[in-house]
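Structure file structure-v3.cif with mmCIF, C-alpha atoms (C1' of nucleotides):
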data_run
#
loop_
_atom_site.label_atom_id
_atom_site.label_comp_id
_atom_site.auth_asym_id
_atom_site.auth_seq_id
_atom_site.Cartn_x
_atom_site.Cartn_y
_atom_site.Cartn_z
CA MET A 1 -30.61 7.62 0.81
CA THR A 2 -28.78 4.87 2.58
CA THR A 3 -29.68 1.47 3.86
CA ALA A 4 -29.13 2.68 7.39
CA SER A 5 -32.06 5.05 7.11
CA THR A 6 -34.55 2.58 5.64
CA GLY A 7 -33.42 -0.89 6.59
CA ALA A 8 -33.63 -2.08 2.98
CA THR A 9 -30.36 -2.73 1.21
CA ARG A 10 -30.28 -1.95 -2.49
CA TRP A 11 -28.00 -4.75 -3.59
CA LEU A 12 -26.03 -4.53 -6.80
CA THR A 13 -27.58 -6.07 -9.88
CA ASP A 14 -25.67 -8.81 -11.66
CA GLU A 15 -24.52 -6.33 -14.27
CA GLU A 16 -23.43 -3.84 -11.62
CA GLN A 17 -21.48 -6.59 -9.89
CA ARG A 18 -19.73 -7.42 -13.13
CA VAL A 19 -18.83 -3.78 -13.69
CA TRP A 20 -17.59 -3.40 -10.15
CA ARG A 21 -15.49 -6.52 -10.41
CA ALA A 22 -13.99 -5.41 -13.73
CA TYR A 23 -13.24 -2.02 -12.21
CA LEU A 24 -11.42 -3.57 -9.26
CA GLN A 25 -9.45 -5.94 -11.42
CA ALA A 26 -8.44 -3.35 -14.00
CA THR A 27 -7.40 -0.74 -11.46
CA THR A 28 -5.48 -3.30 -9.37
CA LEU A 29 -3.66 -4.66 -12.40
CA LEU A 30 -2.85 -1.23 -13.80
CA GLU A 31 -1.58 0.17 -10.52
CA ASP A 32 0.55 -2.89 -10.05
CA HIS A 33 1.85 -2.75 -13.59
CA LEU A 34 2.92 0.89 -13.34
CA ASP A 35 4.41 0.45 -9.90
CA ARG A 36 6.56 -2.30 -11.30
CA GLN A 37 7.49 -0.40 -14.44
CA LEU A 38 8.61 2.63 -12.46
CA GLN A 39 10.31 0.67 -9.73
CA ARG A 40 12.37 -0.96 -12.45
CA ASP A 41 13.05 2.13 -14.59
CA ALA A 42 13.08 4.95 -12.05
CA GLY A 43 13.61 3.21 -8.71
CA MET A 44 10.42 4.43 -7.08
CA PRO A 45 6.72 3.59 -6.85
CA HIS A 46 4.20 5.23 -9.13
CA ILE A 47 2.87 7.67 -6.58
CA TYR A 48 6.34 9.02 -5.85
CA TYR A 49 6.87 9.56 -9.53
CA GLY A 50 3.60 11.47 -9.67
CA LEU A 51 4.82 13.79 -6.95
CA LEU A 52 7.92 14.63 -8.98
CA VAL A 53 5.79 15.29 -12.05
CA GLN A 54 3.64 17.71 -10.09
CA LEU A 55 6.69 19.54 -8.83
CA SER A 56 8.14 19.75 -12.33
CA GLN A 57 4.97 21.48 -13.53
CA ALA A 58 4.74 23.92 -10.63
CA PRO A 59 6.11 27.46 -10.82
CA ARG A 60 9.79 27.45 -9.84
CA ARG A 61 9.52 23.65 -9.50
CA ARG A 62 8.40 23.90 -5.89
CA MET A 63 5.21 23.48 -3.94
CA ARG A 64 3.97 23.72 -0.38
CA MET A 65 3.62 20.34 1.31
CA THR A 66 -0.10 20.67 1.96
CA GLU A 67 -0.86 21.77 -1.58
CA LEU A 68 1.13 18.88 -2.99
CA ALA A 69 -0.69 16.44 -0.72
CA ARG A 70 -4.03 17.88 -1.77
CA ASN A 71 -3.23 17.60 -5.48
CA ALA A 72 -1.97 14.06 -5.14
CA LYS A 73 -4.94 13.04 -2.96
CA ILE A 74 -2.77 11.66 -0.19
CA THR A 75 -2.43 12.47 3.49
CA ARG A 76 0.20 14.84 4.73
CA SER A 77 1.70 12.05 6.78
CA ARG A 78 2.20 9.93 3.73
CA LEU A 79 3.68 12.88 1.88
CA SER A 80 6.13 13.59 4.69
CA HIS A 81 7.49 10.06 4.44
CA ALA A 82 7.56 10.17 0.65
CA ILE A 83 9.44 13.47 0.50
CA ALA A 84 11.91 12.22 3.10
CA ARG A 85 12.63 9.26 0.89
CA LEU A 86 12.89 11.33 -2.30
CA GLU A 87 15.21 13.71 -0.47
CA LYS A 88 17.45 10.81 0.46
CA SER A 89 17.55 9.81 -3.21
CA GLY A 90 18.44 13.36 -4.18
CA TRP A 91 15.47 14.12 -6.41
CA VAL A 92 13.88 16.62 -4.03
CA ARG A 93 15.02 18.97 -1.33
CA ARG A 94 13.10 20.78 1.37
CA GLU A 95 13.14 24.51 1.81
CA ASP A 96 11.65 26.73 4.50
CA CYS A 97 8.71 28.77 3.31
CA PRO A 98 9.69 32.44 3.54
CA SER A 99 6.19 33.72 4.28
CA ASP A 100 5.09 31.12 6.84
CA LYS A 101 7.59 29.75 9.28
CA ARG A 102 5.56 26.57 9.77
CA GLY A 103 5.66 25.85 6.07
CA GLN A 104 7.94 23.79 3.90
CA ASN A 105 8.39 23.80 0.18
CA ALA A 106 9.30 20.62 -1.64
CA VAL A 107 11.68 21.55 -4.45
CA LEU A 108 12.54 19.37 -7.43
CA THR A 109 16.34 19.24 -7.77
CA ASP A 110 18.23 19.34 -11.06
CA ASP A 111 18.99 15.66 -10.58
CA GLY A 112 15.28 15.05 -10.12
CA GLN A 113 14.48 16.99 -13.26
CA ALA A 114 17.08 15.01 -15.21
CA MET A 115 15.74 11.74 -13.90
CA LEU A 116 12.21 12.72 -15.01
CA ARG A 117 13.45 13.70 -18.46
CA ASP A 118 15.10 10.31 -18.85
CA SER A 119 12.29 8.17 -17.57
CA ALA A 120 9.28 10.04 -18.92
CA PRO A 121 9.31 8.44 -22.39
CA GLY A 122 9.25 4.94 -20.97
CA HIS A 123 6.50 5.82 -18.59
CA VAL A 124 4.35 7.49 -21.24
CA ASP A 125 4.80 4.40 -23.36
CA ALA A 126 3.63 2.23 -20.51
CA VAL A 127 0.54 4.36 -19.95
CA ARG A 128 -0.23 4.42 -23.67
CA GLN A 129 0.12 0.70 -24.05
CA ALA A 130 -1.99 0.00 -21.00
CA MET A 131 -4.74 2.50 -21.67
CA PHE A 132 -4.86 4.88 -24.63
CA ASP A 133 -3.79 2.46 -27.32
CA ARG A 134 -6.51 0.03 -26.24
CA LEU A 135 -9.47 2.38 -26.16
CA THR A 136 -11.36 4.10 -28.95
CA PRO A 137 -11.45 7.91 -28.90
CA GLU A 138 -15.08 7.68 -27.77
CA GLN A 139 -14.12 5.40 -24.91
CA VAL A 140 -11.40 7.82 -23.84
CA ASP A 141 -13.98 10.63 -23.78
CA HIS A 142 -16.38 8.53 -21.75
CA LEU A 143 -13.68 7.44 -19.34
CA GLY A 144 -12.62 11.03 -18.76
CA GLU A 145 -16.14 12.16 -18.01
CA ILE A 146 -16.85 9.18 -15.75
CA MET A 147 -13.67 9.67 -13.75
CA ARG A 148 -14.37 13.37 -13.32
CA VAL A 149 -17.78 12.53 -11.92
CA LEU A 150 -16.39 9.93 -9.51
CA ALA A 151 -13.57 12.17 -8.33
CA ALA A 152 -15.95 15.08 -7.79
CA GLY A 153 -18.24 12.85 -5.73
CA LEU A 154 -15.42 11.89 -3.41
CA GLU A 155 -14.06 15.35 -2.81
CA PRO A 156 -15.05 16.85 0.49
CA GLU A 157 -17.76 19.39 -0.11
CA GLY A 158 -18.26 22.06 2.48
CA PRO A 159 -15.53 24.39 3.77
CA ASP A 160 -15.82 22.69 7.15
CA ALA A 161 -15.75 19.18 5.74
CA ASP A 162 -13.26 16.88 7.30
CA LEU A 163 -10.48 16.58 4.76
CA PRO A 164 -9.06 13.08 4.87
CA TRP A 165 -5.71 14.04 3.39
CA LEU A 166 -5.11 16.71 5.97
CA ARG A 167 -5.10 14.34 8.88
CA MET B 1 5.32 0.09 -31.20
CA THR B 2 7.26 1.70 -28.41
CA THR B 3 9.44 4.72 -28.09
CA ALA B 4 12.41 2.50 -27.42
CA SER B 5 12.22 1.06 -30.92
CA THR B 6 11.92 4.35 -32.79
CA GLY B 7 13.37 7.06 -30.60
CA ALA B 8 10.25 9.22 -30.98
CA THR B 9 8.05 9.53 -27.93
CA ARG B 10 4.34 9.82 -28.56
CA TRP B 11 3.49 12.19 -25.73
CA LEU B 12 -0.01 12.39 -24.35
CA THR B 13 -2.27 15.07 -25.80
CA ASP B 14 -3.71 17.64 -23.42
CA GLU B 15 -7.00 15.80 -23.39
CA GLU B 16 -5.29 12.48 -22.71
CA GLN B 17 -3.39 14.07 -19.86
CA ARG B 18 -6.64 15.34 -18.39
CA VAL B 19 -8.22 11.90 -18.65
CA TRP B 20 -5.19 10.26 -17.10
CA ARG B 21 -5.14 12.71 -14.25
CA ALA B 22 -8.85 12.26 -13.60
CA TYR B 23 -8.36 8.51 -13.65
CA LEU B 24 -5.56 8.67 -11.09
CA GLN B 25 -7.46 11.01 -8.82
CA ALA B 26 -10.72 9.09 -8.95
CA THR B 27 -9.13 5.70 -8.37
CA THR B 28 -6.94 7.01 -5.56
CA LEU B 29 -9.86 8.72 -3.83
CA LEU B 30 -12.17 5.74 -4.22
CA GLU B 31 -9.66 3.21 -2.99
CA ASP B 32 -8.89 5.41 -0.05
CA HIS B 33 -12.55 5.99 0.71
CA LEU B 34 -13.41 2.30 0.72
CA ASP B 35 -10.33 1.36 2.72
CA ARG B 36 -11.43 3.82 5.34
CA GLN B 37 -15.05 2.70 5.29
CA LEU B 38 -14.13 -0.93 5.75
CA GLN B 39 -11.40 -0.29 8.27
CA ARG B 40 -14.00 1.51 10.34
CA ASP B 41 -16.90 -0.91 9.83
CA ALA B 42 -15.17 -4.26 9.40
CA GLY B 43 -11.70 -3.73 10.82
CA MET B 44 -9.80 -4.56 7.66
CA PRO B 45 -8.63 -2.98 4.40
CA HIS B 46 -10.70 -3.24 1.25
CA ILE B 47 -8.59 -5.92 -0.38
CA TYR B 48 -8.93 -8.23 2.63
CA TYR B 49 -12.66 -7.78 2.51
CA GLY B 50 -12.59 -8.72 -1.14
CA LEU B 51 -10.83 -11.96 -0.29
CA LEU B 52 -13.57 -12.88 2.16
CA VAL B 53 -16.23 -12.09 -0.43
CA GLN B 54 -14.55 -14.40 -2.93
CA LEU B 55 -14.41 -17.18 -0.39
CA SER B 56 -18.06 -16.69 0.51
CA GLN B 57 -19.00 -17.20 -3.15
CA ALA B 58 -16.80 -20.24 -3.70
CA PRO B 59 -18.14 -23.79 -3.41
CA ARG B 60 -17.95 -24.94 0.21
CA ARG B 61 -16.63 -21.45 1.06
CA ARG B 62 -13.06 -22.48 0.38
CA MET B 63 -10.47 -21.89 -2.30
CA ARG B 64 -6.90 -22.86 -3.12
CA MET B 65 -4.40 -20.15 -2.30
CA THR B 66 -3.14 -19.77 -5.84
CA GLU B 67 -6.60 -19.55 -7.32
CA LEU B 68 -7.62 -16.94 -4.78
CA ALA B 69 -4.50 -14.92 -5.52
CA ARG B 70 -5.17 -15.14 -9.23
CA ASN B 71 -8.77 -13.97 -8.86
CA ALA B 72 -7.82 -11.11 -6.61
CA LYS B 73 -4.88 -10.10 -8.86
CA ILE B 74 -2.37 -10.15 -6.07
CA THR B 75 0.85 -12.08 -5.50
CA ARG B 76 0.87 -15.29 -3.53
CA SER B 77 3.22 -13.74 -1.05
CA ARG B 78 0.80 -10.96 -0.35
CA LEU B 79 -2.01 -13.46 -0.03
CA SER B 80 -0.03 -15.56 2.44
CA HIS B 81 0.41 -12.57 4.72
CA ALA B 82 -3.20 -11.50 4.28
CA ILE B 83 -4.60 -14.93 5.11
CA ALA B 84 -2.31 -15.15 8.13
CA ARG B 85 -3.79 -11.91 9.38
CA LEU B 86 -7.39 -12.93 8.65
CA GLU B 87 -6.71 -16.23 10.40
CA LYS B 88 -5.54 -14.36 13.47
CA SER B 89 -8.79 -12.37 13.40
CA GLY B 90 -10.77 -15.59 13.12
CA TRP B 91 -12.49 -14.94 9.80
CA VAL B 92 -10.54 -17.58 7.87
CA ARG B 93 -8.78 -20.81 8.62
CA ARG B 94 -6.31 -22.84 6.62
CA GLU B 95 -6.84 -26.42 5.64
CA ASP B 96 -4.55 -28.89 3.89
CA CYS B 97 -5.60 -29.74 0.36
CA PRO B 98 -6.45 -33.44 0.27
CA SER B 99 -5.40 -34.00 -3.33
CA ASP B 100 -2.12 -32.07 -3.33
CA LYS B 101 0.07 -32.13 -0.28
CA ARG B 102 1.69 -28.83 -1.24
CA GLY B 103 -1.65 -27.12 -1.38
CA GLN B 104 -3.64 -25.13 1.14
CA ASN B 105 -7.28 -24.16 1.13
CA ALA B 106 -8.37 -20.91 2.68
CA VAL B 107 -11.74 -21.50 4.33
CA LEU B 108 -14.20 -18.83 5.40
CA THR B 109 -15.22 -19.50 9.01
CA ASP B 110 -18.74 -19.09 10.39
CA ASP B 111 -17.54 -15.99 12.18
CA GLY B 112 -16.21 -14.69 8.89
CA GLN B 113 -19.52 -15.39 7.18
CA ALA B 114 -21.40 -13.60 9.96
CA MET B 115 -19.08 -10.63 9.77
CA LEU B 116 -19.67 -10.40 6.02
CA ARG B 117 -23.43 -10.62 6.46
CA ASP B 118 -23.33 -7.74 8.93
CA SER B 119 -21.02 -5.46 7.02
CA ALA B 120 -22.18 -6.13 3.45
CA PRO B 121 -25.10 -3.65 3.47
CA GLY B 122 -22.90 -0.78 4.59
CA HIS B 123 -20.30 -1.64 2.03
CA VAL B 124 -22.78 -1.92 -0.83
CA ASP B 125 -24.14 1.45 0.18
CA ALA B 126 -20.68 2.94 0.07
CA VAL B 127 -20.04 1.51 -3.41
CA ARG B 128 -23.42 2.70 -4.65
CA GLN B 129 -22.97 6.19 -3.33
CA ALA B 130 -19.48 6.47 -4.72
CA MET B 131 -20.16 4.97 -8.13
CA PHE B 132 -23.50 3.64 -9.30
CA ASP B 133 -25.70 6.41 -7.97
CA ARG B 134 -23.54 8.99 -9.72
CA LEU B 135 -23.42 7.50 -13.20
CA THR B 136 -26.10 7.15 -15.86
CA PRO B 137 -26.93 3.62 -17.03
CA GLU B 138 -25.04 4.36 -20.26
CA GLN B 139 -22.00 5.44 -18.31
CA VAL B 140 -22.12 2.24 -16.27
CA ASP B 141 -22.20 0.24 -19.50
CA HIS B 142 -19.29 2.18 -20.92
CA LEU B 143 -17.29 1.85 -17.72
CA GLY B 144 -17.80 -1.90 -17.67
CA GLU B 145 -16.65 -2.32 -21.22
CA ILE B 146 -13.65 -0.03 -20.75
CA MET B 147 -12.53 -1.81 -17.60
CA ARG B 148 -12.86 -5.20 -19.25
CA VAL B 149 -10.62 -4.01 -22.08
CA LEU B 150 -8.01 -2.61 -19.70
CA ALA B 151 -7.99 -5.70 -17.50
CA ALA B 152 -7.67 -7.99 -20.50
CA GLY B 153 -4.74 -5.96 -21.77
CA LEU B 154 -2.88 -6.36 -18.51
CA GLU B 155 -3.40 -10.07 -18.11
CA PRO B 156 -0.36 -12.14 -18.97
CA GLU B 157 -0.90 -13.68 -22.37
CA GLY B 158 1.09 -16.76 -23.23
CA PRO B 159 1.18 -19.93 -21.15
CA ASP B 160 4.83 -19.21 -20.42
CA ALA B 161 4.31 -15.57 -19.58
CA ASP B 162 5.76 -14.46 -16.32
CA LEU B 163 2.78 -14.15 -14.02
CA PRO B 164 3.31 -11.28 -11.62
CA TRP B 165 0.98 -12.62 -8.99
CA LEU B 166 2.66 -15.97 -8.87
CA ARG B 167 5.99 -14.60 -7.79
"C1'" DC C 1 -0.93 41.63 25.04
"C1'" DC C 2 -2.82 36.93 26.50
"C1'" DT C 3 -5.08 33.08 25.64
"C1'" DA C 4 -7.57 29.77 23.05
"C1'" DT C 5 -7.88 27.72 18.81
"C1'" DC C 6 -6.43 26.47 14.35
"C1'" DT C 7 -3.04 25.16 10.78
"C1'" DA C 8 1.49 23.06 8.87
"C1'" DG C 9 4.16 19.58 9.13
"C1'" DT C 10 6.58 15.70 11.45
"C1'" DT C 11 7.08 11.48 14.17
"C1'" DC C 12 6.14 7.01 16.23
"C1'" DA C 13 4.22 2.44 16.38
"C1'" DA C 14 1.41 -0.79 14.23
"C1'" DC C 15 0.24 -2.67 10.03
"C1'" DT C 16 0.68 -3.92 5.00
"C1'" DT C 17 3.28 -4.80 0.82
"C1'" DT C 18 7.26 -6.20 -1.82
"C1'" DC C 19 11.11 -8.86 -3.19
"C1'" DA C 20 14.23 -12.46 -2.80
"C1'" DA C 21 15.06 -16.77 -0.87
"C1'" DG C 22 13.74 -21.27 0.57
"C1'" DA C 23 11.16 -25.81 1.89
"C1'" DA C 24 8.38 -29.33 0.22
"C1'" DA C 25 5.68 -31.91 -3.00
"C1'" DA C 26 4.55 -32.94 -7.92
"C1'" DG C 27 5.72 -34.07 -12.64
"C1'" DG C 28 8.74 -35.47 -16.45
"C1'" DT C 29 12.67 -38.09 -18.42
"C1'" DC C 30 15.82 -41.54 -18.76
"C1'" DG D 1 14.05 -45.32 -9.03
"C1'" DA D 2 17.27 -41.15 -9.68
"C1'" DC D 3 17.49 -36.68 -11.37
"C1'" DC D 4 15.91 -32.34 -12.79
"C1'" DT D 5 12.50 -28.95 -13.30
"C1'" DT D 6 8.23 -26.87 -12.01
"C1'" DT D 7 4.62 -25.67 -8.88
"C1'" DT D 8 2.81 -24.37 -4.27
"C1'" DC D 9 3.19 -21.84 -0.48
"C1'" DT D 10 5.77 -19.56 3.32
"C1'" DT D 11 9.19 -16.63 5.44
"C1'" DG D 12 12.01 -12.58 6.70
"C1'" DA D 13 13.69 -8.17 5.98
"C1'" DA D 14 13.15 -3.78 3.86
"C1'" DA D 15 10.04 -0.41 2.17
"C1'" DG D 16 5.74 2.00 2.34
"C1'" DT D 17 1.27 3.38 4.67
"C1'" DT D 18 -1.83 4.63 8.43
"C1'" DG D 19 -3.77 7.03 12.37
"C1'" DA D 20 -2.83 9.26 16.51
"C1'" DA D 21 -0.01 12.21 19.06
"C1'" DC D 22 2.95 16.00 18.99
"C1'" DT D 23 5.67 20.65 18.11
"C1'" DA D 24 5.70 25.07 16.49
"C1'" DG D 25 3.88 28.97 14.33
"C1'" DA D 26 -0.35 31.63 12.80
"C1'" DT D 27 -4.87 33.66 13.89
"C1'" DA D 28 -8.74 35.57 16.34
"C1'" DG D 29 -11.13 37.48 20.43
"C1'" DG D 30 -11.09 39.59 24.46
#
Mind turning the file's structure into C-alpha cells?
Amino acid sequence: MTTASTGATRWLTDEEQRVWRAYLQATTLLEDHLDRQLQRDAGMPHIYYGLLVQLSQAPRRRMRMTELARNAKITRSRLSHAIARLEKSGWVRREDCPSDKRGQNAVLTDDGQAMLRDSAPGHVDAVRQAMFDRLTPEQVDHLGEIMRVLAAGLEPEGPDADLPWLR
Amino acid sequence: MTTASTGATRWLTDEEQRVWRAYLQATTLLEDHLDRQLQRDAGMPHIYYGLLVQLSQAPRRRMRMTELARNAKITRSRLSHAIARLEKSGWVRREDCPSDKRGQNAVLTDDGQAMLRDSAPGHVDAVRQAMFDRLTPEQVDHLGEIMRVLAAGLEPEGPDADLPWLR
DNA sequence: CCTATCTAGTTCAACTTTCAAGAAAAGGTC
DNA sequence: GACCTTTTCTTGAAAGTTGAACTAGATAGG
C-alpha cells in the first residue's frame, strides 16, 4: 500500500531514519573506499573489477553481454562502455557469438587473468578490513540474509516486467 | 594484519563470498532504483536530493559547503558541481559566509523547500517499499548496528588523517 | 515467404564524477 | 608586518553513466 492510494504518508520513525542514514553513509563510504583502492592498485573502478571477476568464474572465461549485465545489475549501455574501456586496456576482448549473430561474448584475456591474480589479494584484504573483520559471525549472517531480502525485492518479478538493465 | 605483511592471503569463505555478492547486488539495485525514482519524480539523482534534505534540516536552512560535504560523505569538488547544478535549477542559492570570507553557505530556496515537500511522500514510500516493509523489526535493528560499525570503520581516524572528501 | 515484432548490442548527447591544479583568505611564527 | 602553511572552495579536463535512438539479426503469424 502506498501513500498515493490513501493520501496518508507513513513517515519514517526516528529509529528508521537513523538506520537509513547509517545505511547511506556506510554504503557511500565503502563504495568510495573500494573505488579508490582499485583505481590505485588495478587502474579501474570497482564495478569494472567486478566484471572481470565474473568473467574469470564463467566457463571458458567468457559470457554473453546481456548475461553479464544481468549478473552485475547494470544496464547494457553501461556494460558496452565498460567493455570498450576494458578492451582498450587489454583485459578483455570481444568475440562474435557463434550461435546468434547479434550476440557478443566478452572474453577475459590472459593479461586480464594475470592482472586479477595479482590484484586479488589486495582487494580481498580491503574487503576484509572494511567489512568481515569488523563484524561478528552473527552479524555477517544477518547481513547476508538482509541483503538477500532487499535484492530479491528489487528484482523485476514477472516475465513481462520491465527490466531496467536491459534498456 | 594484511596480506602484504605476511604473504598469506586470507581468502573469503564461500559464505563470506555469498554475503559480499548479496551486499553488492542489493546496494547496486537499491541505489539504481532510488536514482530512477527521484530522477522521474524530482528531476535529480538521489545524492542531490539528499543534499537538499540536509539543508532543509539545518538551522536557517543553510550550511557551509565543507560541513555539507562531510555529512554527505562526498568530496568538496563533487559538492561544488552539485550545488552549481542545483543553483541552476533554482532549489539552492549560494551566500557568502559572513564570518569567513573564504566560506560559502548553501541555502535551500523556498522553491527548493516546496519541491521537497511535494516529493518527500513519494520518496519515503519508495524507501519503505524497498527496505523497511521487507525487514522484520529485528532485522532493522541489526542492519542499523551493522551499518554504524561499517561507517565508523571507514571514517578517517586521526586529526591528521587524509580526508578523502576534503580533496 | 513476408511482415511485424522482439531481442542483442551499440552509439550519441547530456549529465555526473574524479583528479589535479589553482585562487583567495585565515592562521601561525618570527 | 613578512613569510609560510593550512583551509576553503572552484575550475577544467578526462572518465564514467544515463536514456533515447538506432542497426541488425532472430522469431512468430499469416
(request) Would you mind telling me which residue in B:Ala8, B:Ala58, B:Leu38, B:Leu166 lies nearest to chain D when using all atoms listed in the file? (result) B:Leu166
(request) With a distance threshold of 10 Å and counting only C-alpha atoms (C1' of nucleotides), extract the residues of chain A near chain D and express them as JSON, numbers by chain. (result) {"A": [45, 75, 77, 78, 81, 82, 100, 101, 102, 103, 167]}
(message) Here's the selection I'm unsure about, the PyMOL selection byres ((chain B) within 6 of (chain A)); applied to the file above, which residues does it give, as a list in words?
(response)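 What the PyMOL selection byres ((chain B) within 6 of (chain A)) grabs from the file is Thr9, Val19, Ala22, Tyr23, Ala26, Pro121, Gly144, Met147, Arg148, Leu150 and Ala151 of chain B.
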Cut-off 8 Å: closest chain C/chain A atom pairs per residue, using all atoms listed in the file, as CSV:
residue,atom,partner,partner_atom,distance
C:DA8,C1',A:Arg102,CA,5.4
C:DG9,C1',A:Gly103,CA,7.1
C:DT10,C1',A:Ser80,CA,7.1
(message) Could you list, as a ChimeraX atom specification, every residue matched by the PyMOL selection byres ((chain B and resi 109) around 6) in this structure?
(response) /B:91-92,108,110-112
(message) For a test of reading the model, state the distance in Å between atom CA of B:Asn105 and atom C1' of C:DT18, rounded to one decimal.
(response) 23.3 Å
(request) Would you mind telling me which residue in A:Ala114, A:Thr13, A:Ala106, A:Pro156 lies nearest to A:Arg62 when using all atoms listed in the file? (result) A:Ala106
(message) Report, in Å to a single decimal, how far apart atom CA of A:Gln54 and atom C1' of C:DC6 are.
(response)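 Taking atom C1' of C:DC6 and atom CA of A:Gln54, their separation equals 27.8 Å.
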(message) Rounded to one decimal, what separation in Å do you get between atom CA of B:Leu86 and atom CA of B:Tyr48?
(response)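 Interatomic distance here is 7.8 Å.
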